[in-house]
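Containing mmCIF, C-alpha atoms (C1' of nucleotides): coords_29.cif.
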data_query
#
loop_
_atom_site.label_atom_id
_atom_site.label_comp_id
_atom_site.auth_asym_id
_atom_site.auth_seq_id
_atom_site.Cartn_x
_atom_site.Cartn_y
_atom_site.Cartn_z
CA MET C 1 73.85 98.32 110.15
CA GLU C 2 76.59 100.40 108.58
CA LYS C 3 77.55 100.02 105.00
CA THR C 4 80.84 98.22 105.62
CA SER C 5 79.09 95.30 107.27
CA GLN C 6 77.28 93.52 104.50
CA SER C 7 77.00 90.16 106.15
CA ASN C 8 73.34 89.68 105.40
CA LYS C 9 73.31 91.53 102.13
CA VAL C 10 74.05 89.64 99.00
CA MET C 11 77.52 90.63 97.91
CA PRO C 12 78.51 90.53 94.26
CA TYR C 13 80.77 87.60 93.57
CA GLU C 14 83.52 89.84 92.24
CA GLN C 15 83.55 91.72 95.51
CA VAL C 16 83.87 88.56 97.55
CA ILE C 17 86.92 87.65 95.53
CA SER C 18 88.53 91.05 95.77
CA ARG C 19 87.95 91.22 99.52
CA ALA C 20 89.42 87.78 100.01
CA ARG C 21 92.43 88.84 98.01
CA ASP C 22 92.82 92.14 99.80
CA ARG C 23 92.82 90.42 103.18
CA VAL C 24 95.64 88.17 102.10
CA VAL C 25 97.61 90.95 100.48
CA ASP C 26 97.30 93.14 103.56
CA ALA C 27 98.48 90.38 105.87
CA LEU C 28 101.35 89.59 103.56
CA ALA C 29 102.42 93.22 103.42
CA ARG C 30 102.14 93.63 107.19
CA ASN C 31 104.55 90.79 107.81
CA ILE C 32 106.91 91.03 104.91
CA ASP C 33 109.22 93.14 107.06
CA LEU C 34 110.58 89.75 108.16
CA TYR C 35 112.30 89.78 104.79
CA GLY C 36 113.51 93.31 105.35
CA ILE C 37 110.96 94.66 102.93
CA THR C 38 108.83 97.70 103.39
CA LEU C 39 105.06 97.71 103.71
CA SER C 40 104.27 99.26 100.37
CA ILE C 41 106.65 97.03 98.49
CA GLY C 42 104.85 94.21 100.24
CA HIS C 43 101.62 95.46 98.73
CA LEU C 44 103.30 95.45 95.38
CA TYR C 45 104.31 91.86 95.95
CA GLY C 46 100.76 90.94 96.89
CA THR C 47 99.38 92.67 93.85
CA LEU C 48 101.68 90.70 91.60
CA LEU C 49 100.72 87.52 93.41
CA PHE C 50 97.10 87.64 92.37
CA GLN C 51 97.81 88.95 88.93
CA ASP C 52 98.07 86.00 86.63
CA LYS C 53 99.71 87.93 83.85
CA PRO C 54 103.09 89.63 84.13
CA MET C 55 102.70 93.32 84.85
CA THR C 56 104.42 96.44 83.58
CA LEU C 57 105.57 99.31 85.77
CA ASP C 58 102.68 101.40 84.52
CA GLN C 59 100.15 98.76 85.43
CA MET C 60 101.60 98.42 88.89
CA GLY C 61 101.58 102.15 89.39
CA GLU C 62 97.96 102.32 88.37
CA ALA C 63 97.00 99.35 90.56
CA LEU C 64 98.60 100.86 93.65
CA GLY C 65 98.07 104.52 92.84
CA MET C 66 101.76 105.24 93.06
CA SER C 67 104.42 106.70 90.86
CA LYS C 68 106.24 104.74 88.25
CA THR C 69 109.58 105.45 89.89
CA SER C 70 108.38 103.88 93.10
CA MET C 71 107.38 100.80 91.18
CA SER C 72 110.77 100.74 89.54
CA THR C 73 112.66 100.79 92.82
CA GLY C 74 110.19 98.47 94.49
CA VAL C 75 110.39 95.88 91.79
CA ARG C 76 114.16 96.15 91.91
CA THR C 77 114.11 95.29 95.59
CA LEU C 78 111.92 92.26 94.94
CA LEU C 79 114.12 91.29 92.02
CA ASP C 80 117.22 91.38 94.21
CA LEU C 81 115.61 88.87 96.51
CA ASN C 82 114.42 86.73 93.62
CA MET C 83 110.84 87.30 94.68
CA VAL C 84 109.84 88.43 91.20
CA ASN C 85 111.16 87.58 87.78
CA LYS C 86 111.59 89.78 84.78
CA VAL C 87 109.92 88.26 81.76
CA TRP C 88 110.37 89.28 78.22
CA MET C 89 107.27 89.71 76.11
CA LYS C 90 107.34 90.15 72.41
CA GLY C 91 105.55 93.00 70.74
CA THR C 92 106.27 95.56 73.44
CA ARG C 93 109.25 97.43 74.76
CA LYS C 94 108.03 97.53 78.32
CA ASP C 95 109.57 95.35 80.99
CA HIS C 96 107.22 92.81 82.46
CA TYR C 97 107.43 91.26 85.89
CA GLU C 98 105.79 88.25 87.46
CA ILE C 99 105.93 86.72 90.87
CA GLU C 100 108.31 83.89 91.68
CA PRO C 101 105.81 81.27 92.83
CA ASP C 102 108.21 79.03 94.77
CA TRP C 103 107.93 80.30 98.33
CA TYR C 104 110.36 77.73 99.65
CA GLN C 105 112.98 79.00 97.26
CA ASN C 106 112.15 82.57 98.32
CA PHE C 107 112.90 81.61 101.87
CA ILE C 108 116.16 79.99 100.91
CA ASP C 109 117.22 82.88 98.70
CA TYR C 110 116.52 85.36 101.45
CA PHE C 111 119.04 83.66 103.69
CA SER C 112 121.49 83.07 100.88
CA ILE C 113 121.44 86.71 99.98
CA ARG C 114 120.79 88.77 103.08
CA TRP C 115 122.00 86.61 105.94
CA ARG C 116 125.05 85.34 104.15
CA LYS C 117 126.08 88.91 103.48
CA GLY C 118 125.63 90.01 107.08
CA ILE C 119 127.48 86.98 108.36
CA ASP C 120 130.39 87.54 106.00
CA ASP C 121 130.68 91.15 107.06
CA ASN C 122 130.62 90.29 110.74
CA THR C 123 133.00 87.40 110.33
CA GLN C 124 135.53 89.58 108.60
CA SER C 125 135.50 92.12 111.43
CA LEU C 126 135.64 89.40 114.04
CA ARG C 127 138.64 87.74 112.44
CA LYS C 128 140.53 90.99 112.15
CA SER C 129 139.93 91.91 115.77
CA LEU C 130 140.72 88.40 116.90
CA GLN C 131 144.06 88.56 115.17
CA GLU C 132 144.94 91.86 116.80
CA LEU C 133 143.98 90.59 120.22
CA ILE C 134 145.97 87.39 119.84
CA CYS C 135 148.92 89.50 118.84
CA LEU C 136 148.42 91.54 121.97
CA GLN C 137 148.17 88.41 124.05
CA ASN C 138 151.66 87.44 122.99
CA LYS C 139 153.21 90.63 124.35
CA GLU C 140 155.32 89.81 127.37
CA ASP C 141 154.79 93.16 129.03
CA LEU C 142 151.01 93.15 128.86
CA PRO C 143 149.71 94.14 132.31
CA GLU C 144 147.67 91.51 134.04
CA PRO C 145 144.29 93.30 134.14
CA LEU C 146 144.53 93.99 130.43
CA ARG C 147 145.54 90.41 129.75
CA GLU C 148 142.41 89.24 131.45
CA MET C 149 140.28 91.56 129.31
CA VAL C 150 141.97 90.36 126.17
CA GLU C 151 141.38 86.75 127.06
CA LYS C 152 137.71 87.35 127.72
CA ASP C 153 137.33 89.23 124.47
CA ILE C 154 139.05 86.50 122.52
CA GLU C 155 136.72 83.94 123.98
CA LYS C 156 133.69 86.00 123.04
CA ILE C 157 134.92 86.46 119.51
CA GLN C 158 135.67 82.77 119.07
CA ASN C 159 132.23 82.07 120.39
CA ALA C 160 130.69 84.38 117.81
CA LEU C 161 132.75 82.92 114.98
CA GLU C 162 131.61 79.47 115.96
CA TYR C 163 128.00 80.60 115.87
CA TYR C 164 128.36 82.25 112.46
CA ASP C 165 129.98 79.12 111.15
CA TRP C 166 126.93 77.22 112.31
CA VAL C 167 124.52 79.59 110.61
CA ASN C 168 126.55 79.30 107.43
CA ARG C 169 126.28 75.55 107.58
CA LEU C 170 122.57 75.83 108.26
CA ILE C 171 122.13 77.98 105.18
CA ASP C 172 124.16 75.41 103.26
CA THR C 173 121.53 72.82 104.09
CA PHE C 174 118.91 75.26 102.81
CA GLU C 175 120.69 75.90 99.56
CA SER C 176 121.38 72.24 98.91
CA HIS C 177 117.76 71.45 99.79
CA GLU C 178 119.13 68.96 102.28
CA ILE C 179 116.89 70.61 104.85
CA PHE C 180 113.89 69.01 103.16
CA LYS C 181 115.22 65.62 104.18
CA TYR C 182 114.92 66.68 107.82
CA VAL C 183 111.84 68.88 107.51
CA PRO C 184 109.88 67.49 104.58
CA LYS C 185 107.84 69.79 102.43
CA ASN C 186 104.27 68.61 102.70
CA GLU C 187 102.83 66.77 105.62
CA GLY C 188 99.19 67.28 106.42
CA ALA C 189 99.19 70.78 105.00
CA GLU C 190 95.77 72.22 104.63
CA MET R 1 150.75 109.72 106.88
CA GLU R 2 147.58 111.05 108.43
CA LYS R 3 146.84 110.78 112.10
CA THR R 4 144.27 107.98 111.81
CA SER R 5 146.84 105.63 110.36
CA GLN R 6 149.07 104.70 113.25
CA SER R 7 150.41 101.50 111.77
CA ASN R 8 154.02 102.26 112.52
CA LYS R 9 153.45 104.15 115.73
CA VAL R 10 153.32 102.24 118.96
CA MET R 11 149.71 102.16 120.05
CA PRO R 12 148.79 101.94 123.72
CA TYR R 13 147.52 98.50 124.57
CA GLU R 14 144.19 99.88 125.81
CA GLN R 15 143.64 101.52 122.48
CA VAL R 16 144.31 98.31 120.59
CA ILE R 17 141.63 96.63 122.66
CA SER R 18 139.08 99.36 122.29
CA ARG R 19 139.60 99.54 118.54
CA ALA R 20 139.25 95.81 118.21
CA ARG R 21 136.02 96.02 120.17
CA ASP R 22 134.68 98.97 118.24
CA ARG R 23 135.23 97.18 114.96
CA VAL R 24 133.21 94.23 116.15
CA VAL R 25 130.46 96.36 117.64
CA ASP R 26 130.13 98.41 114.47
CA ALA R 27 129.86 95.33 112.29
CA LEU R 28 127.33 93.81 114.66
CA ALA R 29 125.22 96.97 114.65
CA ARG R 30 125.39 97.27 110.87
CA ASN R 31 123.96 93.83 110.37
CA ILE R 32 121.60 93.47 113.27
CA ASP R 33 118.78 94.70 111.04
CA LEU R 34 118.51 91.01 110.09
CA TYR R 35 116.83 90.67 113.45
CA GLY R 36 114.60 93.65 112.75
CA ILE R 37 116.64 95.81 115.10
CA THR R 38 117.75 99.34 114.50
CA LEU R 39 121.36 100.45 114.15
CA SER R 40 121.61 102.32 117.43
CA ILE R 41 119.99 99.55 119.42
CA GLY R 42 122.57 97.34 117.78
CA HIS R 43 125.27 99.55 119.22
CA LEU R 44 123.64 99.18 122.58
CA TYR R 45 123.76 95.44 122.17
CA GLY R 46 127.42 95.58 121.25
CA THR R 47 128.20 97.77 124.21
CA LEU R 48 126.57 95.31 126.55
CA LEU R 49 128.45 92.49 124.86
CA PHE R 50 131.87 93.72 125.89
CA GLN R 51 130.78 94.90 129.29
CA ASP R 52 131.39 92.09 131.70
CA LYS R 53 129.23 93.57 134.40
CA PRO R 54 125.49 94.16 134.08
CA MET R 55 124.75 97.77 133.19
CA THR R 56 122.16 100.29 134.32
CA LEU R 57 120.23 102.59 132.01
CA ASP R 58 122.35 105.51 133.18
CA GLN R 59 125.57 103.70 132.37
CA MET R 60 124.30 102.79 128.93
CA GLY R 61 123.20 106.35 128.26
CA GLU R 62 126.61 107.62 129.25
CA ALA R 63 128.43 104.99 127.20
CA LEU R 64 126.48 105.82 124.05
CA GLY R 65 125.90 109.52 124.69
CA MET R 66 122.16 109.07 124.44
CA SER R 67 119.16 109.76 126.60
CA LYS R 68 117.98 107.47 129.32
CA THR R 69 114.60 107.07 127.65
CA SER R 70 116.24 105.80 124.51
CA MET R 71 118.10 103.25 126.56
CA SER R 72 114.87 102.25 128.21
CA THR R 73 113.08 101.57 124.94
CA GLY R 74 116.15 100.05 123.37
CA VAL R 75 116.71 97.64 126.18
CA ARG R 76 113.04 96.74 126.07
CA THR R 77 113.38 95.77 122.43
CA LEU R 78 116.37 93.58 123.19
CA LEU R 79 114.54 92.12 126.16
CA ASP R 80 111.55 91.18 123.99
CA LEU R 81 113.87 89.17 121.79
CA ASN R 82 115.65 87.61 124.77
CA MET R 83 118.88 89.19 123.67
CA VAL R 84 119.46 90.73 127.09
CA ASN R 85 118.44 89.65 130.54
CA LYS R 86 117.34 91.74 133.46
CA VAL R 87 119.36 90.91 136.51
CA TRP R 88 118.60 91.90 140.04
CA MET R 89 121.41 93.30 142.09
CA LYS R 90 121.17 93.86 145.79
CA GLY R 91 122.03 97.19 147.31
CA THR R 92 120.56 99.30 144.50
CA ARG R 93 117.15 100.11 143.12
CA LYS R 94 118.34 100.44 139.57
CA ASP R 95 117.56 97.80 137.01
CA HIS R 96 120.58 96.03 135.61
CA TYR R 97 120.87 94.34 132.26
CA GLU R 98 123.36 91.92 130.82
CA ILE R 99 123.71 90.27 127.47
CA GLU R 100 122.30 86.83 126.82
CA PRO R 101 125.49 85.02 125.77
CA ASP R 102 123.89 82.09 123.94
CA TRP R 103 123.79 83.22 120.33
CA TYR R 104 122.27 79.98 119.13
CA GLN R 105 119.36 80.52 121.48
CA ASN R 106 119.09 84.11 120.27
CA PHE R 107 118.70 82.83 116.76
CA ILE R 108 116.06 80.34 117.82
CA ASP R 109 114.15 82.87 119.89
CA TYR R 110 114.11 85.33 117.04
CA PHE R 111 112.23 82.86 114.90
CA SER R 112 110.03 81.68 117.73
CA ILE R 113 108.99 85.22 118.47
CA ARG R 114 109.03 87.24 115.28
CA TRP R 115 108.54 84.69 112.53
CA ARG R 116 106.00 82.65 114.38
CA LYS R 117 103.93 85.78 114.91
CA GLY R 118 104.08 86.79 111.27
CA ILE R 119 103.22 83.30 110.13
CA ASP R 120 100.26 83.07 112.48
CA ASP R 121 98.91 86.38 111.28
CA ASN R 122 99.24 85.42 107.64
CA THR R 123 97.83 81.96 108.19
CA GLN R 124 94.76 83.37 109.83
CA SER R 125 94.04 85.68 106.92
CA LEU R 126 94.75 82.93 104.41
CA ARG R 127 92.36 80.52 106.10
CA LYS R 128 89.58 83.07 106.27
CA SER R 129 89.91 83.98 102.62
CA LEU R 130 90.22 80.34 101.65
CA GLN R 131 86.97 79.55 103.38
CA GLU R 132 85.14 82.37 101.62
CA LEU R 133 86.48 81.30 98.26
CA ILE R 134 85.51 77.67 98.78
CA CYS R 135 82.06 78.83 99.71
CA LEU R 136 81.95 80.81 96.49
CA GLN R 137 83.14 77.80 94.55
CA ASN R 138 80.07 75.89 95.67
CA LYS R 139 77.65 78.40 94.19
CA GLU R 140 75.90 76.86 91.22
CA ASP R 141 75.44 80.14 89.40
CA LEU R 142 79.05 81.27 89.56
CA PRO R 143 79.99 82.47 86.06
CA GLU R 144 82.76 80.49 84.42
CA PRO R 145 85.44 83.21 84.22
CA LEU R 146 84.98 83.93 87.93
CA ARG R 147 85.09 80.24 88.76
CA GLU R 148 88.42 80.01 87.09
CA MET R 149 89.76 82.95 89.11
CA VAL R 150 88.49 81.43 92.32
CA GLU R 151 90.14 78.13 91.59
CA LYS R 152 93.46 79.77 90.86
CA ASP R 153 93.25 81.81 94.03
CA ILE R 154 92.40 78.77 96.10
CA GLU R 155 95.40 76.99 94.74
CA LYS R 156 97.67 79.89 95.55
CA ILE R 157 96.34 80.10 99.07
CA GLN R 158 96.73 76.40 99.68
CA ASN R 159 100.22 76.69 98.36
CA ALA R 160 100.99 79.45 100.83
CA LEU R 161 99.45 77.57 103.75
CA GLU R 162 101.58 74.58 102.90
CA TYR R 163 104.67 76.75 102.93
CA TYR R 164 103.82 78.34 106.27
CA ASP R 165 103.22 74.93 107.72
CA TRP R 166 106.68 73.99 106.62
CA VAL R 167 108.26 77.06 108.21
CA ASN R 168 106.41 76.30 111.40
CA ARG R 169 107.80 72.78 111.42
CA LEU R 170 111.25 74.15 110.69
CA ILE R 171 110.99 76.45 113.69
CA ASP R 172 109.82 73.48 115.72
CA THR R 173 113.12 71.77 114.98
CA PHE R 174 114.88 74.93 116.15
CA GLU R 175 112.96 75.13 119.39
CA SER R 176 113.41 71.46 120.18
CA HIS R 177 117.10 71.76 119.31
CA GLU R 178 116.55 68.88 116.94
CA ILE R 179 118.22 71.02 114.28
CA PHE R 180 121.56 70.46 116.01
CA LYS R 181 121.30 66.80 115.16
CA TYR R 182 121.29 67.75 111.48
CA VAL R 183 123.56 70.77 111.68
CA PRO R 184 125.83 70.16 114.64
CA LYS R 185 127.09 73.06 116.68
CA ASN R 186 130.84 72.98 116.40
CA GLU R 187 132.77 71.52 113.57
CA GLY R 188 136.06 73.05 112.68
CA ALA R 189 135.03 76.42 114.02
CA GLU R 190 137.88 78.84 114.30
"C1'" DA V 1 119.24 110.44 61.71
"C1'" DT V 2 115.49 111.71 64.28
"C1'" DT V 3 111.94 110.88 67.17
"C1'" DT V 4 109.57 108.61 70.72
"C1'" DA V 5 109.02 105.65 74.55
"C1'" DC V 6 110.90 103.52 78.49
"C1'" DG V 7 113.36 102.98 82.91
"C1'" DT V 8 115.90 105.22 86.32
"C1'" DA V 9 118.84 108.86 88.43
"C1'" DA V 10 118.55 113.47 90.89
"C1'" DA V 11 116.33 116.78 93.36
"C1'" DG V 12 112.57 118.09 96.06
"C1'" DT V 13 108.68 117.07 99.18
"C1'" DT V 14 106.13 114.61 102.43
"C1'" DT V 15 105.65 111.27 105.95
"C1'" DA V 16 107.30 108.35 109.51
"C1'" DA V 17 110.77 106.90 112.57
"C1'" DA V 18 114.28 107.92 116.01
"C1'" DC V 19 115.63 110.58 119.66
"C1'" DT V 20 115.30 114.22 123.49
"C1'" DT V 21 113.08 116.86 126.92
"C1'" DT V 22 109.70 117.22 130.18
"C1'" DA V 23 106.46 115.38 133.21
"C1'" DC V 24 104.41 111.75 135.86
"C1'" DA V 25 103.42 107.33 138.24
"C1'" DT V 26 105.49 103.94 141.19
"C1'" DT V 27 108.30 102.08 144.57
"C1'" DG V 28 111.81 101.83 148.13
"C1'" DG V 29 113.96 104.28 152.16
"C1'" DC V 30 113.65 107.13 156.10
"C1'" DG J 1 103.56 109.42 156.38
"C1'" DC J 2 106.68 111.92 153.19
"C1'" DC J 3 110.67 112.38 150.19
"C1'" DA J 4 113.83 110.94 146.69
"C1'" DA J 5 115.00 108.17 142.96
"C1'" DT J 6 113.89 105.28 139.10
"C1'" DG J 7 111.72 103.89 134.77
"C1'" DT J 8 108.53 105.13 131.30
"C1'" DA J 9 104.72 107.64 129.02
"C1'" DA J 10 103.66 112.05 126.36
"C1'" DA J 11 104.83 115.76 123.75
"C1'" DG J 12 108.07 118.01 120.97
"C1'" DT J 13 112.09 118.04 117.87
"C1'" DT J 14 115.24 116.29 114.72
"C1'" DT J 15 116.71 113.09 111.34
"C1'" DA J 16 116.02 109.67 107.95
"C1'" DA J 17 113.19 107.10 104.97
"C1'" DA J 18 109.56 106.86 101.50
"C1'" DC J 19 107.53 108.81 97.75
"C1'" DT J 20 106.78 112.23 93.75
"C1'" DT J 21 108.12 115.28 90.20
"C1'" DT J 22 111.26 116.47 86.92
"C1'" DA J 23 114.85 115.50 83.93
"C1'" DC J 24 117.98 112.63 81.40
"C1'" DG J 25 120.36 108.57 79.09
"C1'" DT J 26 119.43 104.74 76.24
"C1'" DA J 27 117.56 102.06 72.79
"C1'" DA J 28 113.93 100.68 69.66
"C1'" DA J 29 111.03 102.30 65.66
"C1'" DT J 30 110.17 105.13 61.75
#
Show me the file's structure as C-alpha cells.
Amino acid sequence: MEKTSQSNKVMPYEQVISRARDRVVDALARNIDLYGITLSIGHLYGTLLFQDKPMTLDQMGEALGMSKTSMSTGVRTLLDLNMVNKVWMKGTRKDHYEIEPDWYQNFIDYFSIRWRKGIDDNTQSLRKSLQELICLQNKEDLPEPLREMVEKDIEKIQNALEYYDWVNRLIDTFESHEIFKYVPKNEGAE
Amino acid sequence: MEKTSQSNKVMPYEQVISRARDRVVDALARNIDLYGITLSIGHLYGTLLFQDKPMTLDQMGEALGMSKTSMSTGVRTLLDLNMVNKVWMKGTRKDHYEIEPDWYQNFIDYFSIRWRKGIDDNTQSLRKSLQELICLQNKEDLPEPLREMVEKDIEKIQNALEYYDWVNRLIDTFESHEIFKYVPKNEGAE
DNA sequence: ATTTACGTAAAGTTTAAACTTTACATTGGC
DNA sequence: GCCAATGTAAAGTTTAAACTTTACGTAAAT
C-alpha cells in the first residue's frame, strides 16, 4: 500500500477537506478553457472560490507559488469577465479580490463580453464584403462565371449574417434573463 | 497614394471578389477561438467555406502554404466539431472534405461536444467531493471551526451542481431545437 | 517633501504549442 | 503478390505563450 492511497488509514479531517477542494479546483481549472481562460488562471479562480475572505495579490501568489505579476494579470483577466470583484477594505492599501458567486451571471457575462465582441467583428467584415459584392453584381459587364461566384458568395454571407443575428438575439435573452423563463434555474438539482 | 490603396483605380473583378473573401476569412479566423479553435485552423475553415468543391489535403496545403500534416490535424479538429464533413468521391483515393453549411447546427454541436464534456468532468469531481464532505459532516467529533468550513463548501458545491444542471438543460433545448421556439431563426435578418 | 508600499509595465527566460520534415502503416491498383 | 499513393504518427524545429525578474510610476503615510 503506497502512501498516496490512504483509504484504510484515518485521514485528518483537514486533509479530507483540502483534498475535496483540490479535486474541485483541478476539475474547474481543466475545463475553464471553455471560457477562454488558461489553466493556471483557472487555478487562481478555484483558489479564490474556496477562500471566504477577499485575497490580496500577495496572498494569491503565496497560495499558488507564483509571482505577484502573474497574479496581477490573472486577476485582471478574471475581472474583465466579471468572474471576480475588486473589494475595498479599510485599513490597508492593498487591493482585495473576491469571487463573483453568481455562476449564472458569469455565464451570461461571458457571452455578453466575448461572444458579442466576436460577432460584432465578424458582422462588420461580412457587411463590408457583402456591400462590395452587391456592387459588383450590378456591373453590366460582369462575366457570367464570375457572376455565379458572386451570387454564391452573397448567399453565404447573408446566411452568416442571419446566423449572427440569431446568436445576438439569443444573447439578448441571456442578458434580459428571459432565458430563465424557458429554462428555469432550479429543477431537481442535487 | 500608396499601392495598397486602390480606391480610385479600377480593380479587376476577380480581385474585388478575392479581397471580399479574404476579409471575411480573416475575421472568421480571428474570432474562431470562441470555439476553442486556433487561428490557422480558422483560416482553413474559411478557405473551405468559399470553396464550392470538396477539397483534398493537398489542395488545402497548397491553398494555405502549409504542410499536409498540418492540414490533416487541422481537418481532424474541424471534423471533431462537425464543422466539416468527409465526403467520398469516386475515381480517387484521396479523402475530400467540405464545409458543414449549417451554422446553427455548428453552434449546437459545439456545446453538445465541448461544453457537455467539461460539465460532465466538473460534475463528477463535484459529486465525489460533495459525498466526502457530507460524510465528514456526519462525524460527531468534527471540531466546530471545521464543521463551519465543511458546511460552506457543501453549499458552494451544491450551488455549482445546480448551475451545471441548468447549463445541461439549456444545451438540451439546443439539441432538441426547442430553443428556436423561443429565439426564432430568421427575423429581420439582413 | 520625502519615503515607502503597491500594482503593473518592460525585458528576459522558460515552457508549451504550432508547424515541418521524415518515416511508417495501410489500402487500393496492377 | 508487389508497387505506389495516401494519411498520420514520431521526432525535430520554430514560434508564441506563460511566467519571472527587474524596474518604474503613482499614491498614501509620515
Query raised in the report: Please, what distance in Å, to one decimal, runs between atom C1' of V:DT14 and atom CA of C:Thr56?
Result: 26.2 Å
For a quick test of understanding: name the residues of chain C lying within 9 Å of chain J when counting only C-alpha atoms (C1' of nucleotides), and present them as a PDB file with C-alpha atoms, in the coordinates of the input.
ATOM      1  CA  MET C  66     101.760 105.240  93.060  1.00  0.00           C
ATOM      2  CA  SER C  67     104.420 106.700  90.860  1.00  0.00           C
ATOM      3  CA  THR C  69     109.580 105.450  89.890  1.00  0.00           C
ATOM      4  CA  SER C  70     108.380 103.880  93.100  1.00  0.00           C
ATOM      5  CA  ARG C  93     109.250  97.430  74.760  1.00  0.00           C
TER       6      ARG C  93
END
Query raised in the report: Just so the selection is clear, what residues does the PyMOL selection byres ((chain R) within 6 of (chain C)) cover here, as a list in words?
Result: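 Checked against the file, the PyMOL selection byres ((chain R) within 6 of (chain C)) matches Ala20, Val24, Ala27, Asn31, Gly118, Asn122, Ser125, Leu126, Ser129, Glu162 and Ala189 of chain R.
Residue membership of the PyMOL selection byres ((chain V) within 8 of (chain C)) in the shown file amounts to DC6, DG7 and DT8 of chain V.
Note that the spacing between atom CA of R:Ile134 and atom CA of C:Glu62 amounts to 29.5 Å.
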